[in-house]
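Asks: This is work-v4.txt, which holds compact mmCIF, N, CA and C atoms:
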```
# COMPACT_ATOMS: atom_id res chain seq x y z
N MET V 1 0.84 -1.16 0.00
CA MET V 1 0.00 0.00 0.00
C MET V 1 0.89 1.23 0.00
N ILE V 2 0.46 2.26 -0.73
CA ILE V 2 1.19 3.52 -0.79
C ILE V 2 0.31 4.63 -0.24
N LEU V 3 0.88 5.45 0.61
CA LEU V 3 0.20 6.61 1.17
C LEU V 3 0.84 7.85 0.58
N TYR V 4 0.05 8.81 0.11
CA TYR V 4 0.62 10.04 -0.40
C TYR V 4 -0.06 11.25 0.21
N ASP V 5 0.68 12.35 0.24
CA ASP V 5 0.20 13.61 0.81
C ASP V 5 0.67 14.73 -0.10
N CYS V 6 -0.24 15.57 -0.54
CA CYS V 6 0.09 16.71 -1.39
C CYS V 6 0.00 17.99 -0.57
N GLU V 7 1.03 18.79 -0.60
CA GLU V 7 1.04 20.07 0.10
C GLU V 7 0.81 21.18 -0.92
N ILE V 8 -0.05 22.14 -0.57
CA ILE V 8 -0.38 23.21 -1.50
C ILE V 8 0.49 24.44 -1.28
N LYS V 9 0.61 25.29 -2.31
CA LYS V 9 1.44 26.49 -2.25
C LYS V 9 0.75 27.64 -1.53
N ARG V 10 -0.56 27.76 -1.69
CA ARG V 10 -1.28 28.90 -1.14
C ARG V 10 -2.22 28.46 -0.02
N ALA V 11 -2.44 29.36 0.91
CA ALA V 11 -3.27 29.07 2.08
C ALA V 11 -4.76 29.16 1.72
N ILE V 12 -5.57 28.48 2.52
CA ILE V 12 -7.03 28.54 2.40
C ILE V 12 -7.54 29.23 3.66
N GLU V 13 -8.22 30.34 3.45
CA GLU V 13 -8.69 31.13 4.60
C GLU V 13 -9.78 30.39 5.37
N SER V 14 -9.67 30.43 6.68
CA SER V 14 -10.66 29.83 7.57
C SER V 14 -11.54 30.92 8.15
N ASP V 15 -12.77 30.56 8.46
CA ASP V 15 -13.67 31.52 9.10
C ASP V 15 -13.17 31.93 10.48
N LYS V 16 -12.37 31.08 11.10
CA LYS V 16 -11.93 31.32 12.48
C LYS V 16 -10.57 32.00 12.58
N SER V 17 -9.88 32.17 11.46
CA SER V 17 -8.54 32.75 11.52
C SER V 17 -8.48 34.06 10.75
N LYS V 18 -7.53 34.89 11.12
CA LYS V 18 -7.34 36.14 10.40
C LYS V 18 -6.38 35.94 9.24
N ARG V 19 -6.45 36.80 8.26
CA ARG V 19 -5.53 36.74 7.12
C ARG V 19 -4.19 37.36 7.50
N PHE V 20 -3.12 36.73 7.08
CA PHE V 20 -1.79 37.25 7.30
C PHE V 20 -1.31 37.89 6.00
N PRO V 21 -0.75 39.09 6.07
CA PRO V 21 -0.37 39.80 4.85
C PRO V 21 0.76 39.12 4.06
N PHE V 22 1.55 38.28 4.70
CA PHE V 22 2.68 37.65 4.02
C PHE V 22 2.33 36.29 3.42
N PHE V 23 1.07 35.85 3.49
CA PHE V 23 0.62 34.60 2.87
C PHE V 23 -0.10 34.90 1.57
N SER V 24 -0.03 33.98 0.63
CA SER V 24 -0.86 34.02 -0.57
C SER V 24 -2.07 33.13 -0.32
N TYR V 25 -3.24 33.59 -0.68
CA TYR V 25 -4.48 32.84 -0.42
C TYR V 25 -5.18 32.47 -1.74
N VAL V 26 -5.91 31.37 -1.71
CA VAL V 26 -6.77 31.01 -2.83
C VAL V 26 -8.15 31.61 -2.58
N ASP V 27 -9.00 31.61 -3.60
CA ASP V 27 -10.33 32.19 -3.47
C ASP V 27 -11.23 31.40 -2.53
N ASN V 28 -11.15 30.04 -2.61
CA ASN V 28 -12.01 29.20 -1.78
C ASN V 28 -11.50 27.75 -1.84
N TRP V 29 -12.20 26.84 -1.15
CA TRP V 29 -11.79 25.43 -1.07
C TRP V 29 -11.87 24.71 -2.41
N THR V 30 -12.58 25.27 -3.38
CA THR V 30 -12.69 24.60 -4.69
C THR V 30 -11.81 25.24 -5.76
N ASP V 31 -10.93 26.15 -5.37
CA ASP V 31 -9.99 26.78 -6.31
C ASP V 31 -8.75 25.89 -6.44
N TYR V 32 -8.94 24.72 -7.05
CA TYR V 32 -7.87 23.72 -7.13
C TYR V 32 -6.68 24.20 -7.96
N VAL V 33 -6.94 24.91 -9.04
CA VAL V 33 -5.86 25.42 -9.88
C VAL V 33 -5.05 26.47 -9.10
N GLY V 34 -5.73 27.34 -8.38
CA GLY V 34 -5.06 28.38 -7.61
C GLY V 34 -4.23 27.86 -6.45
N MET V 35 -4.60 26.69 -5.92
CA MET V 35 -3.86 26.12 -4.78
C MET V 35 -2.42 25.80 -5.15
N GLY V 36 -2.20 25.24 -6.31
CA GLY V 36 -0.85 24.82 -6.71
C GLY V 36 -0.38 23.66 -5.84
N ILE V 37 0.69 23.03 -6.25
CA ILE V 37 1.29 21.94 -5.48
C ILE V 37 2.74 22.29 -5.18
N SER V 38 3.11 22.31 -3.91
CA SER V 38 4.49 22.61 -3.54
C SER V 38 5.33 21.34 -3.49
N CYS V 39 4.75 20.25 -2.99
CA CYS V 39 5.46 18.97 -2.98
C CYS V 39 4.47 17.83 -2.76
N ILE V 40 4.89 16.66 -3.15
CA ILE V 40 4.10 15.44 -2.92
C ILE V 40 4.99 14.47 -2.16
N CYS V 41 4.49 13.96 -1.05
CA CYS V 41 5.23 13.01 -0.23
C CYS V 41 4.58 11.63 -0.38
N VAL V 42 5.41 10.60 -0.51
CA VAL V 42 4.91 9.23 -0.69
C VAL V 42 5.56 8.32 0.34
N TYR V 43 4.75 7.46 0.96
CA TYR V 43 5.28 6.45 1.87
C TYR V 43 4.83 5.09 1.39
N ASP V 44 5.78 4.18 1.21
CA ASP V 44 5.51 2.82 0.75
C ASP V 44 5.56 1.89 1.96
N TYR V 45 4.40 1.35 2.35
CA TYR V 45 4.34 0.48 3.53
C TYR V 45 5.08 -0.83 3.33
N GLU V 46 5.15 -1.31 2.11
CA GLU V 46 5.82 -2.59 1.85
C GLU V 46 7.33 -2.50 2.06
N THR V 47 7.92 -1.38 1.64
CA THR V 47 9.37 -1.22 1.76
C THR V 47 9.77 -0.29 2.91
N SER V 48 8.80 0.35 3.55
CA SER V 48 9.02 1.32 4.63
C SER V 48 9.90 2.48 4.16
N GLU V 49 9.72 2.91 2.92
CA GLU V 49 10.50 4.02 2.37
C GLU V 49 9.62 5.23 2.11
N SER V 50 10.21 6.40 2.33
CA SER V 50 9.54 7.67 2.05
C SER V 50 10.25 8.35 0.89
N ARG V 51 9.47 9.08 0.09
CA ARG V 51 10.04 9.87 -1.00
C ARG V 51 9.31 11.19 -1.07
N VAL V 52 10.03 12.23 -1.45
CA VAL V 52 9.46 13.56 -1.59
C VAL V 52 9.73 14.04 -3.01
N PHE V 53 8.69 14.57 -3.66
CA PHE V 53 8.81 15.09 -5.02
C PHE V 53 8.45 16.57 -5.00
N PHE V 54 9.35 17.40 -5.53
CA PHE V 54 9.11 18.85 -5.59
C PHE V 54 8.67 19.24 -6.97
```
So, in terms of structure tokens, how does the structure I just supplied come out?

Replies:
Amino acid sequence: MILYDCEIKRAIESDKSKRFPFFSYVDNWTDYVGMGISCICVYDYETSESRVFF
């Protein structure tokens, strides 16, 4: 089994948090193109190896 995690480039504003001027934000949770991908991390349970792709 392989587990992967994608990290996005831009923040998603929460109703409970304030906006920080030094962050880039997307329009909303469905702005997938605007989110961008900063890296993808993969963990292989069979070999117990992790890999990171930028």

Asks: Give me every alpha helix (DSSP H) residue in chain V, going by DSSP on the backbone, as a PyMOL selection string.

Replies: chain V and resi 32-35

Asks: DSSP on the backbone: what in chain V comes out strand (DSSP E or B), as a PyMOL selection string?

Replies: chain V and resi 2-7+11+25+39-44+49-53

Asks: Range 3-26 of chain V near range 34-54 of chain V within 12 Å: what's each residue's closest atom pair and its distance in Å to one decimal, counting only C-alpha atoms, ordered by chain then ascending residue number, as a tab-separated table?

Replies:
```
residue	atom	partner	partner_atom	distance
V:Leu3	CA	V:Tyr43	CA	5.1
V:Tyr4	CA	V:Val42	CA	4.4
V:Asp5	CA	V:Cys41	CA	5.2
V:Cys6	CA	V:Ile40	CA	4.5
V:Glu7	CA	V:Cys39	CA	5.5
V:Ile8	CA	V:Ile37	CA	4.5
V:Lys9	CA	V:Ser38	CA	5.1
V:Arg10	CA	V:Met35	CA	5.3
V:Ala11	CA	V:Met35	CA	7.5
V:Ile12	CA	V:Met35	CA	8.2
V:Glu13	CA	V:Met35	CA	11.7
V:Ser24	CA	V:Met35	CA	9.4
V:Tyr25	CA	V:Met35	CA	8.0
V:Val26	CA	V:Gly34	CA	5.7
```

Asks: Go ahead and dump the residues you just picked, N, CA and C atoms, as a compact mmCIF listing (two decimals), in the frame of the given file.

Replies:
```txt
# COMPACT_ATOMS: atom_id res chain seq x y z
N LEU V 3 0.88 5.45 0.61
CA LEU V 3 0.20 6.61 1.17
C LEU V 3 0.84 7.85 0.58
N TYR V 4 0.05 8.81 0.11
CA TYR V 4 0.62 10.04 -0.40
C TYR V 4 -0.06 11.25 0.21
N ASP V 5 0.68 12.35 0.24
CA ASP V 5 0.20 13.61 0.81
C ASP V 5 0.67 14.73 -0.10
N CYS V 6 -0.24 15.57 -0.54
CA CYS V 6 0.09 16.71 -1.39
C CYS V 6 0.00 17.99 -0.57
N GLU V 7 1.03 18.79 -0.60
CA GLU V 7 1.04 20.07 0.10
C GLU V 7 0.81 21.18 -0.92
N ILE V 8 -0.05 22.14 -0.57
CA ILE V 8 -0.38 23.21 -1.50
C ILE V 8 0.49 24.44 -1.28
N LYS V 9 0.61 25.29 -2.31
CA LYS V 9 1.44 26.49 -2.25
C LYS V 9 0.75 27.64 -1.53
N ARG V 10 -0.56 27.76 -1.69
CA ARG V 10 -1.28 28.90 -1.14
C ARG V 10 -2.22 28.46 -0.02
N ALA V 11 -2.44 29.36 0.91
CA ALA V 11 -3.27 29.07 2.08
C ALA V 11 -4.76 29.16 1.72
N ILE V 12 -5.57 28.48 2.52
CA ILE V 12 -7.03 28.54 2.40
C ILE V 12 -7.54 29.23 3.66
N GLU V 13 -8.22 30.34 3.45
CA GLU V 13 -8.69 31.13 4.60
C GLU V 13 -9.78 30.39 5.37
N SER V 24 -0.03 33.98 0.63
CA SER V 24 -0.86 34.02 -0.57
C SER V 24 -2.07 33.13 -0.32
N TYR V 25 -3.24 33.59 -0.68
CA TYR V 25 -4.48 32.84 -0.42
C TYR V 25 -5.18 32.47 -1.74
N VAL V 26 -5.91 31.37 -1.71
CA VAL V 26 -6.77 31.01 -2.83
C VAL V 26 -8.15 31.61 -2.58
```

Asks: Quick one: pull the distance between atom N of Asp27 in chain V and atom C of Asp15 in chain V, Å, one decimal.

Replies: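 These two atoms are separated by 14.7 Å.
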
Asks: What gap, in Å, lies between atom C of Thr30 in chain V and CA of Met1 in chain V?

Replies: 28.5 Å

Asks: Atom C of Val33 in chain V and atom N of Ser17 in chain V are how many Å apart?

Replies: 21.9 Å
